[in-house]
Amino acid sequence: MSDTLLADTDIEEALSQAYVTAVASMAGYVVAHKNFDRDGIDITIEAGDSFRPKIDLQLKASINIDDSSEKIPYFCPKRNYDLLNIATQTPRLLLVMKLPKNRADWINISTEQLIIRNCAYWMSLRGHPETENATGKTIYIPTTNRFHIQSLQDLMEQSRSGIIP
């Protein structure tokens, strides 16, 4: 008998949030978690200095990511695709976290370290063609779009213009 309340998908989402929060915190940014996903956004990252840039993120996670090639295929549900594709003042990005296939490897804790495996990749869908498919569309995320401190700082700088290509 198990006393767990969370499904694996809930845990995947929580680990994605923890990953983004850790990266953003180390970059010196503020993270705001959305209480309700009504507009396709799970987290907003905010910076200081001029123009106070922000980035909105839709978080996903998968155990089925093969990042051995230059692009990662990811099936994006139509609702998420459409909401990430609209023009907004704050740039919106899809962030997909790669998790190990073995659930026991998702997180390791010791007295010296906390390890969340593996990493996450981002993509802007702004300006992409609308999908004709009623369920969604496969997108191809470049493996060069790995989400880490420096890439977040670069994205935040691009956000000052309001557009992330």
# chains A, B, ... in the order shown; residues from 1 in each chain; ligands from 1

$ select_by_dssp --residues "chain A" --states "alpha helix (DSSP H)" --output "PDB file with C-alpha atoms, in the first residue's frame"
ATOM      1  CA  ASP A   8       4.669  10.633 -11.807  1.00  0.00           C
ATOM      2  CA  THR A   9       3.543  13.541 -14.004  1.00  0.00           C
ATOM      3  CA  ASP A  10       3.086  15.699 -10.880  1.00  0.00           C
ATOM      4  CA  ILE A  11       6.592  14.794  -9.722  1.00  0.00           C
ATOM      5  CA  GLU A  12       8.010  15.577 -13.172  1.00  0.00           C
ATOM      6  CA  GLU A  13       6.381  19.021 -12.998  1.00  0.00           C
ATOM      7  CA  ALA A  14       7.728  19.652  -9.491  1.00  0.00           C
ATOM      8  CA  LEU A  15      11.255  18.674 -10.545  1.00  0.00           C
ATOM      9  CA  SER A  16      11.005  20.990 -13.564  1.00  0.00           C
ATOM     10  CA  GLN A  17       9.992  23.841 -11.267  1.00  0.00           C
ATOM     11  CA  ALA A  18      12.864  23.064  -8.877  1.00  0.00           C
ATOM     12  CA  TYR A  19      15.354  22.983 -11.762  1.00  0.00           C
ATOM     13  CA  VAL A  20      14.199  26.345 -13.163  1.00  0.00           C
ATOM     14  CA  THR A  21      14.104  27.907  -9.705  1.00  0.00           C
ATOM     15  CA  ALA A  22      17.667  26.757  -8.962  1.00  0.00           C
ATOM     16  CA  VAL A  23      19.053  28.072 -12.265  1.00  0.00           C
ATOM     17  CA  ALA A  24      17.191  31.399 -11.998  1.00  0.00           C
ATOM     18  CA  SER A  25      18.229  31.870  -8.370  1.00  0.00           C
ATOM     19  CA  MET A  26      21.895  31.329  -9.214  1.00  0.00           C
ATOM     20  CA  ALA A  27      21.541  33.920 -12.003  1.00  0.00           C
ATOM     21  CA  LYS A  78      -2.067  22.077 -29.460  1.00  0.00           C
ATOM     22  CA  ARG A  79      -3.243  24.205 -26.534  1.00  0.00           C
ATOM     23  CA  ASN A  80       0.327  24.777 -25.347  1.00  0.00           C
ATOM     24  CA  TYR A  81       1.607  25.318 -28.886  1.00  0.00           C
ATOM     25  CA  ASP A  82      -1.069  27.932 -29.613  1.00  0.00           C
ATOM     26  CA  LEU A  83      -0.539  29.790 -26.312  1.00  0.00           C
ATOM     27  CA  LEU A  84       3.246  29.855 -26.797  1.00  0.00           C
ATOM     28  CA  ASN A  85       2.893  31.087 -30.368  1.00  0.00           C
ATOM     29  CA  ILE A 149      22.747  30.093 -15.919  1.00  0.00           C
ATOM     30  CA  GLN A 150      24.556  31.667 -18.883  1.00  0.00           C
ATOM     31  CA  SER A 151      21.812  30.816 -21.377  1.00  0.00           C
ATOM     32  CA  LEU A 152      19.207  32.299 -19.022  1.00  0.00           C
ATOM     33  CA  GLN A 153      21.249  35.489 -18.705  1.00  0.00           C
ATOM     34  CA  ASP A 154      21.479  35.659 -22.515  1.00  0.00           C
ATOM     35  CA  LEU A 155      17.725  35.071 -22.837  1.00  0.00           C
ATOM     36  CA  MET A 156      17.014  37.792 -20.290  1.00  0.00           C
ATOM     37  CA  GLU A 157      19.167  40.239 -22.256  1.00  0.00           C
ATOM     38  CA  GLN A 158      17.201  39.384 -25.416  1.00  0.00           C
ATOM     39  CA  SER A 159      13.975  39.820 -23.447  1.00  0.00           C
TER      40      SER A 159
END

$ residues_around --residues "stretch 43-48 of chain A" --least-positions-apart "4" --cutoff "9 Å" --atoms "only C-alpha atoms" --output "compact mmCIF listing (two decimals) with C-alpha atoms, in the first residue's frame"
# COMPACT_ATOMS: atom_id res chain seq x y z
CA GLN A 17 9.99 23.84 -11.27
CA VAL A 20 14.20 26.34 -13.16
CA THR A 21 14.10 27.91 -9.71
CA ALA A 24 17.19 31.40 -12.00
CA GLY A 28 20.15 36.36 -9.41
CA TYR A 29 16.61 36.47 -10.76
CA VAL A 30 13.20 36.28 -9.10
CA VAL A 31 10.89 33.37 -9.89
CA ALA A 32 7.11 33.61 -9.68
CA HIS A 33 5.15 30.35 -9.75
CA LYS A 34 1.68 30.63 -11.25
CA ARG A 52 12.98 44.96 -15.87
CA PRO A 53 12.86 42.08 -18.38
CA LYS A 54 10.76 38.96 -17.82
CA ILE A 55 10.42 35.56 -19.41
CA ASP A 56 7.36 33.33 -19.15
CA LEU A 57 7.87 29.56 -19.24
CA GLN A 58 5.62 26.62 -19.99
CA LEU A 59 7.25 23.61 -18.29
CA MET A 156 17.01 37.79 -20.29

$ select_by_dssp --residues "chain A" --states "strand (DSSP E)" --output "compact mmCIF listing (two decimals) with all heavy atoms, in the first residue's frame"
# COMPACT_ATOMS: atom_id res chain seq x y z
N VAL A 30 14.37 36.63 -9.90
CA VAL A 30 13.20 36.28 -9.10
C VAL A 30 12.32 35.33 -9.91
O VAL A 30 12.13 35.52 -11.11
CB VAL A 30 12.40 37.56 -8.72
CG1 VAL A 30 11.10 37.20 -8.04
CG2 VAL A 30 13.24 38.46 -7.85
N VAL A 31 11.78 34.33 -9.24
CA VAL A 31 10.89 33.37 -9.89
C VAL A 31 9.51 33.47 -9.28
O VAL A 31 9.36 33.48 -8.06
CB VAL A 31 11.43 31.92 -9.71
CG1 VAL A 31 10.46 30.91 -10.29
CG2 VAL A 31 12.80 31.79 -10.34
N ALA A 32 8.51 33.58 -10.13
CA ALA A 32 7.11 33.61 -9.68
C ALA A 32 6.40 32.38 -10.24
O ALA A 32 6.33 32.20 -11.46
CB ALA A 32 6.43 34.89 -10.16
N HIS A 33 5.90 31.54 -9.35
CA HIS A 33 5.15 30.35 -9.75
C HIS A 33 3.69 30.74 -9.91
O HIS A 33 3.12 31.40 -9.04
CB HIS A 33 5.28 29.24 -8.70
CG HIS A 33 6.68 28.75 -8.53
ND1 HIS A 33 7.15 27.62 -9.14
CD2 HIS A 33 7.74 29.26 -7.84
CE1 HIS A 33 8.40 27.45 -8.83
NE2 HIS A 33 8.79 28.42 -8.04
N ILE A 43 5.71 29.43 -14.94
CA ILE A 43 6.67 30.21 -14.16
C ILE A 43 7.04 31.47 -14.94
O ILE A 43 7.17 31.45 -16.15
CB ILE A 43 7.94 29.39 -13.89
CG1 ILE A 43 7.68 28.33 -12.81
CG2 ILE A 43 9.12 30.26 -13.49
CD1 ILE A 43 8.88 27.51 -12.44
N THR A 44 7.21 32.57 -14.20
CA THR A 44 7.76 33.80 -14.77
C THR A 44 9.09 34.08 -14.06
O THR A 44 9.17 33.99 -12.84
CB THR A 44 6.81 34.99 -14.56
OG1 THR A 44 5.58 34.71 -15.25
CG2 THR A 44 7.40 36.28 -15.09
N ILE A 45 10.10 34.40 -14.85
CA ILE A 45 11.41 34.77 -14.31
C ILE A 45 11.58 36.26 -14.56
O ILE A 45 11.36 36.74 -15.68
CB ILE A 45 12.55 33.98 -14.97
CG1 ILE A 45 12.33 32.48 -14.78
CG2 ILE A 45 13.90 34.41 -14.40
CD1 ILE A 45 13.32 31.62 -15.55
N GLU A 46 11.97 36.99 -13.51
CA GLU A 46 12.11 38.45 -13.60
C GLU A 46 13.52 38.87 -13.24
O GLU A 46 14.11 38.34 -12.30
CB GLU A 46 11.12 39.12 -12.65
CG GLU A 46 9.67 38.75 -12.91
CD GLU A 46 8.72 39.35 -11.89
OE1 GLU A 46 9.05 40.39 -11.29
OE2 GLU A 46 7.64 38.77 -11.70
N LYS A 54 11.40 40.17 -18.34
CA LYS A 54 10.76 38.96 -17.82
C LYS A 54 10.74 37.91 -18.92
O LYS A 54 10.75 38.24 -20.11
CB LYS A 54 9.32 39.23 -17.41
CG LYS A 54 9.13 40.20 -16.28
CD LYS A 54 7.65 40.39 -16.00
CE LYS A 54 7.44 41.45 -14.94
NZ LYS A 54 6.02 41.62 -14.64
N ILE A 55 10.63 36.67 -18.49
CA ILE A 55 10.42 35.56 -19.41
C ILE A 55 9.35 34.66 -18.79
O ILE A 55 9.42 34.34 -17.61
CB ILE A 55 11.71 34.74 -19.63
CG1 ILE A 55 12.78 35.59 -20.31
CG2 ILE A 55 11.43 33.49 -20.45
CD1 ILE A 55 14.12 34.90 -20.40
N ASP A 56 8.38 34.28 -19.59
CA ASP A 56 7.36 33.33 -19.15
C ASP A 56 7.72 31.94 -19.69
O ASP A 56 8.13 31.81 -20.84
CB ASP A 56 5.98 33.73 -19.69
CG ASP A 56 5.39 34.93 -18.98
OD1 ASP A 56 5.75 35.17 -17.81
OD2 ASP A 56 4.56 35.63 -19.60
N LEU A 57 7.53 30.92 -18.85
CA LEU A 57 7.87 29.56 -19.24
C LEU A 57 6.69 28.61 -19.08
O LEU A 57 6.00 28.64 -18.07
CB LEU A 57 9.02 29.02 -18.39
CG LEU A 57 10.37 29.73 -18.47
CD1 LEU A 57 11.32 29.13 -17.45
CD2 LEU A 57 10.94 29.63 -19.85
N GLN A 58 6.50 27.78 -20.08
CA GLN A 58 5.62 26.62 -19.99
C GLN A 58 6.56 25.44 -19.75
O GLN A 58 7.49 25.21 -20.52
CB GLN A 58 4.84 26.42 -21.28
CG GLN A 58 4.10 25.11 -21.40
CD GLN A 58 3.00 24.89 -20.37
OE1 GLN A 58 2.88 23.79 -19.87
NE2 GLN A 58 2.22 25.89 -20.05
N LEU A 59 6.36 24.71 -18.66
CA LEU A 59 7.25 23.61 -18.29
C LEU A 59 6.67 22.26 -18.68
O LEU A 59 5.50 21.98 -18.44
CB LEU A 59 7.50 23.62 -16.78
CG LEU A 59 8.04 24.91 -16.18
CD1 LEU A 59 8.21 24.74 -14.68
CD2 LEU A 59 9.33 25.33 -16.84
N LYS A 60 7.54 21.45 -19.25
CA LYS A 60 7.20 20.07 -19.57
C LYS A 60 8.39 19.21 -19.15
O LYS A 60 9.50 19.70 -19.00
CB LYS A 60 6.94 19.89 -21.07
CG LYS A 60 5.76 20.70 -21.60
CD LYS A 60 4.47 20.19 -21.04
CE LYS A 60 3.28 20.97 -21.58
NZ LYS A 60 2.04 20.60 -20.91
N ALA A 61 8.16 17.92 -18.99
CA ALA A 61 9.23 16.99 -18.67
C ALA A 61 8.94 15.68 -19.38
O ALA A 61 7.78 15.34 -19.64
CB ALA A 61 9.33 16.76 -17.17
N SER A 62 10.01 14.95 -19.69
CA SER A 62 9.83 13.69 -20.39
C SER A 62 10.99 12.75 -20.11
O SER A 62 12.13 13.18 -19.96
CB SER A 62 9.74 13.94 -21.91
OG SER A 62 9.63 12.72 -22.60
N LYS A 71 18.96 18.01 -32.77
CA LYS A 71 17.62 18.50 -32.45
C LYS A 71 16.82 17.43 -31.73
O LYS A 71 16.90 16.25 -32.06
CB LYS A 71 16.89 18.94 -33.72
CG LYS A 71 17.57 20.13 -34.37
CD LYS A 71 16.70 20.77 -35.40
CE LYS A 71 17.42 22.00 -35.93
NZ LYS A 71 16.58 22.85 -36.67
N ILE A 72 16.04 17.87 -30.75
CA ILE A 72 15.22 16.97 -29.96
C ILE A 72 13.77 17.07 -30.44
O ILE A 72 13.17 18.15 -30.36
CB ILE A 72 15.26 17.38 -28.47
CG1 ILE A 72 16.70 17.31 -27.94
CG2 ILE A 72 14.33 16.51 -27.64
CD1 ILE A 72 16.88 18.02 -26.63
N PRO A 73 13.20 15.98 -30.93
CA PRO A 73 11.78 16.04 -31.29
C PRO A 73 10.93 16.01 -30.02
O PRO A 73 11.18 15.23 -29.11
CB PRO A 73 11.56 14.79 -32.14
CG PRO A 73 12.67 13.87 -31.76
CD PRO A 73 13.80 14.70 -31.24
N TYR A 74 9.94 16.89 -29.95
CA TYR A 74 9.04 16.92 -28.80
C TYR A 74 7.64 17.23 -29.31
O TYR A 74 7.43 18.22 -30.02
CB TYR A 74 9.46 17.99 -27.77
CG TYR A 74 8.51 18.05 -26.61
CD1 TYR A 74 8.56 17.09 -25.61
CD2 TYR A 74 7.54 19.03 -26.53
CE1 TYR A 74 7.65 17.10 -24.56
CE2 TYR A 74 6.64 19.06 -25.48
CZ TYR A 74 6.70 18.09 -24.50
OH TYR A 74 5.80 18.11 -23.47
N PHE A 75 6.67 16.37 -28.95
CA PHE A 75 5.29 16.61 -29.36
C PHE A 75 4.66 17.60 -28.39
O PHE A 75 4.50 17.31 -27.20
CB PHE A 75 4.48 15.31 -29.39
CG PHE A 75 3.09 15.54 -29.92
CD1 PHE A 75 2.87 15.64 -31.28
CD2 PHE A 75 2.02 15.68 -29.05
CE1 PHE A 75 1.59 15.88 -31.77
CE2 PHE A 75 0.75 15.92 -29.54
CZ PHE A 75 0.53 16.02 -30.90
N CYS A 76 4.33 18.77 -28.90
CA CYS A 76 3.74 19.83 -28.09
C CYS A 76 2.22 19.83 -28.29
O CYS A 76 1.74 19.98 -29.42
CB CYS A 76 4.33 21.18 -28.52
SG CYS A 76 3.84 22.57 -27.49
N PRO A 77 1.46 19.64 -27.21
CA PRO A 77 0.01 19.67 -27.33
C PRO A 77 -0.49 20.99 -27.95
O PRO A 77 0.10 22.05 -27.71
CB PRO A 77 -0.48 19.52 -25.89
CG PRO A 77 0.65 18.85 -25.18
CD PRO A 77 1.89 19.38 -25.84
N ARG A 92 7.57 34.27 -24.37
CA ARG A 92 7.15 32.98 -23.82
C ARG A 92 8.03 31.88 -24.41
O ARG A 92 8.27 31.86 -25.62
CB ARG A 92 5.70 32.68 -24.21
CG ARG A 92 4.73 33.62 -23.55
CD ARG A 92 3.31 33.38 -24.03
NE ARG A 92 2.41 34.10 -23.15
CZ ARG A 92 1.21 33.68 -22.84
NH1 ARG A 92 0.74 32.56 -23.34
NH2 ARG A 92 0.46 34.38 -22.02
N LEU A 93 8.46 30.98 -23.55
CA LEU A 93 9.30 29.87 -23.99
C LEU A 93 8.73 28.55 -23.49
O LEU A 93 8.16 28.48 -22.41
CB LEU A 93 10.72 30.01 -23.44
CG LEU A 93 11.50 31.28 -23.79
CD1 LEU A 93 12.84 31.28 -23.08
CD2 LEU A 93 11.68 31.41 -25.29
N LEU A 94 8.94 27.53 -24.30
CA LEU A 94 8.69 26.16 -23.87
C LEU A 94 9.99 25.65 -23.28
O LEU A 94 11.05 25.82 -23.87
CB LEU A 94 8.28 25.30 -25.06
CG LEU A 94 8.16 23.79 -24.79
CD1 LEU A 94 7.01 23.51 -23.82
CD2 LEU A 94 7.98 23.04 -26.09
N LEU A 95 9.91 25.04 -22.10
CA LEU A 95 11.08 24.45 -21.47
C LEU A 95 10.77 22.98 -21.21
O LEU A 95 9.80 22.67 -20.51
CB LEU A 95 11.43 25.17 -20.17
CG LEU A 95 12.77 24.70 -19.59
CD1 LEU A 95 13.68 25.89 -19.39
CD2 LEU A 95 12.55 23.96 -18.31
N VAL A 96 11.57 22.11 -21.80
CA VAL A 96 11.35 20.67 -21.66
C VAL A 96 12.52 20.07 -20.90
O VAL A 96 13.67 20.18 -21.32
CB VAL A 96 11.21 19.98 -23.04
CG1 VAL A 96 10.98 18.49 -22.86
CG2 VAL A 96 10.09 20.61 -23.85
N MET A 97 12.21 19.46 -19.78
CA MET A 97 13.24 18.83 -18.94
C MET A 97 13.38 17.36 -19.31
O MET A 97 12.40 16.63 -19.40
CB MET A 97 12.88 18.95 -17.47
CG MET A 97 13.96 18.42 -16.57
SD MET A 97 13.65 18.90 -14.87
CE MET A 97 15.02 18.07 -14.08
N LYS A 98 14.62 16.97 -19.51
CA LYS A 98 14.94 15.57 -19.79
C LYS A 98 15.16 14.86 -18.47
O LYS A 98 16.00 15.27 -17.66
CB LYS A 98 16.20 15.47 -20.64
CG LYS A 98 16.67 14.05 -20.85
CD LYS A 98 18.02 14.01 -21.52
CE LYS A 98 18.50 12.58 -21.61
NZ LYS A 98 19.86 12.51 -22.12
N ILE A 107 16.23 11.97 -8.86
CA ILE A 107 16.82 12.82 -7.83
C ILE A 107 17.63 11.95 -6.88
O ILE A 107 17.21 10.83 -6.54
CB ILE A 107 15.72 13.62 -7.06
CG1 ILE A 107 16.33 14.60 -6.07
CG2 ILE A 107 14.73 12.70 -6.40
CD1 ILE A 107 15.32 15.58 -5.49
N ASN A 108 18.81 12.45 -6.53
CA ASN A 108 19.67 11.76 -5.56
C ASN A 108 20.07 12.77 -4.49
O ASN A 108 20.47 13.89 -4.80
CB ASN A 108 20.92 11.19 -6.23
CG ASN A 108 20.57 10.08 -7.20
OD1 ASN A 108 20.40 10.34 -8.38
ND2 ASN A 108 20.44 8.87 -6.72
N ILE A 109 19.98 12.35 -3.25
CA ILE A 109 20.28 13.24 -2.13
C ILE A 109 21.31 12.56 -1.23
O ILE A 109 21.18 11.38 -0.89
CB ILE A 109 19.00 13.54 -1.30
CG1 ILE A 109 17.94 14.18 -2.19
CG2 ILE A 109 19.33 14.42 -0.11
CD1 ILE A 109 16.57 14.27 -1.55
N LEU A 114 22.77 17.59 -3.71
CA LEU A 114 21.43 17.30 -4.21
C LEU A 114 21.55 17.28 -5.72
O LEU A 114 21.99 18.26 -6.32
CB LEU A 114 20.45 18.39 -3.77
CG LEU A 114 19.10 18.42 -4.49
CD1 LEU A 114 18.30 17.16 -4.20
CD2 LEU A 114 18.32 19.66 -4.09
N ILE A 115 21.20 16.18 -6.34
CA ILE A 115 21.33 16.04 -7.79
C ILE A 115 19.94 15.82 -8.38
O ILE A 115 19.25 14.87 -8.00
CB ILE A 115 22.24 14.86 -8.17
CG1 ILE A 115 23.64 15.07 -7.59
CG2 ILE A 115 22.29 14.69 -9.68
CD1 ILE A 115 24.55 13.87 -7.75
N ILE A 116 19.56 16.72 -9.28
CA ILE A 116 18.36 16.53 -10.08
C ILE A 116 18.84 16.24 -11.49
O ILE A 116 19.56 17.04 -12.08
CB ILE A 116 17.46 17.79 -10.07
CG1 ILE A 116 17.04 18.15 -8.65
CG2 ILE A 116 16.25 17.58 -10.96
CD1 ILE A 116 16.27 19.46 -8.55
N CYS A 119 18.81 17.56 -17.57
CA CYS A 119 18.88 18.99 -17.89
C CYS A 119 17.59 19.38 -18.62
O CYS A 119 16.70 18.56 -18.80
CB CYS A 119 20.11 19.32 -18.73
SG CYS A 119 20.12 18.56 -20.36
N ALA A 120 17.53 20.64 -19.02
CA ALA A 120 16.33 21.13 -19.72
C ALA A 120 16.76 21.91 -20.95
O ALA A 120 17.86 22.47 -21.01
CB ALA A 120 15.48 22.00 -18.79
N TYR A 121 15.86 21.96 -21.92
CA TYR A 121 16.08 22.68 -23.17
C TYR A 121 14.91 23.63 -23.40
O TYR A 121 13.78 23.33 -23.03
CB TYR A 121 16.17 21.68 -24.33
CG TYR A 121 17.30 20.69 -24.18
CD1 TYR A 121 17.10 19.46 -23.56
CD2 TYR A 121 18.57 21.00 -24.63
CE1 TYR A 121 18.14 18.57 -23.41
CE2 TYR A 121 19.62 20.11 -24.48
CZ TYR A 121 19.40 18.89 -23.87
OH TYR A 121 20.43 18.00 -23.70
N TRP A 122 15.19 24.76 -24.03
CA TRP A 122 14.16 25.78 -24.26
C TRP A 122 13.97 26.03 -25.74
O TRP A 122 14.85 25.76 -26.56
CB TRP A 122 14.53 27.09 -23.55
CG TRP A 122 15.78 27.72 -24.11
CD1 TRP A 122 17.06 27.51 -23.68
CD2 TRP A 122 15.87 28.62 -25.21
NE1 TRP A 122 17.94 28.23 -24.44
CE2 TRP A 122 17.24 28.93 -25.39
CE3 TRP A 122 14.93 29.20 -26.06
CZ2 TRP A 122 17.69 29.79 -26.38
CZ3 TRP A 122 15.38 30.05 -27.06
CH2 TRP A 122 16.74 30.34 -27.21
N MET A 123 12.80 26.58 -26.05
CA MET A 123 12.52 26.98 -27.43
C MET A 123 11.43 28.04 -27.45
O MET A 123 10.46 27.96 -26.71
CB MET A 123 12.07 25.79 -28.26
CG MET A 123 11.84 26.13 -29.72
SD MET A 123 11.87 24.66 -30.71
CE MET A 123 11.59 25.39 -32.30
N GLY A 136 -1.87 18.50 -31.70
CA GLY A 136 -0.62 19.19 -31.43
C GLY A 136 0.35 19.08 -32.58
O GLY A 136 -0.03 18.72 -33.70
N LYS A 137 1.61 19.37 -32.29
CA LYS A 137 2.62 19.39 -33.33
C LYS A 137 3.97 19.00 -32.75
O LYS A 137 4.32 19.40 -31.65
CB LYS A 137 2.70 20.80 -33.92
CG LYS A 137 3.67 20.95 -35.04
CD LYS A 137 3.58 22.34 -35.65
CE LYS A 137 4.51 22.43 -36.83
NZ LYS A 137 4.34 23.66 -37.56
N THR A 138 4.73 18.23 -33.52
CA THR A 138 6.09 17.91 -33.12
C THR A 138 6.99 19.08 -33.48
O THR A 138 6.98 19.55 -34.61
CB THR A 138 6.59 16.62 -33.81
OG1 THR A 138 5.73 15.54 -33.43
CG2 THR A 138 8.02 16.29 -33.40
N ILE A 139 7.73 19.54 -32.49
CA ILE A 139 8.69 20.61 -32.71
C ILE A 139 10.08 20.02 -32.51
O ILE A 139 10.23 18.94 -31.92
CB ILE A 139 8.45 21.81 -31.77
CG1 ILE A 139 8.54 21.37 -30.31
CG2 ILE A 139 7.12 22.47 -32.06
CD1 ILE A 139 8.57 22.52 -29.34
N TYR A 140 11.08 20.73 -32.98
CA TYR A 140 12.45 20.24 -32.89
C TYR A 140 13.29 21.27 -32.16
O TYR A 140 13.57 22.34 -32.68
CB TYR A 140 12.99 19.93 -34.29
CG TYR A 140 12.18 18.82 -34.94
CD1 TYR A 140 11.03 19.10 -35.68
CD2 TYR A 140 12.53 17.50 -34.74
CE1 TYR A 140 10.27 18.09 -36.23
CE2 TYR A 140 11.78 16.47 -35.28
CZ TYR A 140 10.65 16.77 -36.03
OH TYR A 140 9.90 15.76 -36.56
N ILE A 141 13.68 20.94 -30.94
CA ILE A 141 14.41 21.85 -30.08
C ILE A 141 15.91 21.62 -30.28
O ILE A 141 16.40 20.50 -30.08
CB ILE A 141 14.06 21.62 -28.59
CG1 ILE A 141 12.55 21.71 -28.37
CG2 ILE A 141 14.82 22.59 -27.70
CD1 ILE A 141 12.10 21.26 -27.00
N PRO A 142 16.65 22.67 -30.67
CA PRO A 142 18.10 22.49 -30.83
C PRO A 142 18.76 22.15 -29.49
O PRO A 142 18.45 22.75 -28.46
CB PRO A 142 18.57 23.87 -31.31
CG PRO A 142 17.34 24.57 -31.82
CD PRO A 142 16.20 24.01 -31.03

$ residues_around --residues "A:Trp106" --least-positions-apart "6" --cutoff "8 Å" --atoms "only C-alpha atoms" --output "list in words"
Leu99, Pro100, Ile116, Arg117 and Asn118 of chain A

$ atom_distance --atom1 "atom CA of A:Thr143" --atom2 "atom CA of A:Gly127"
20.2 Å
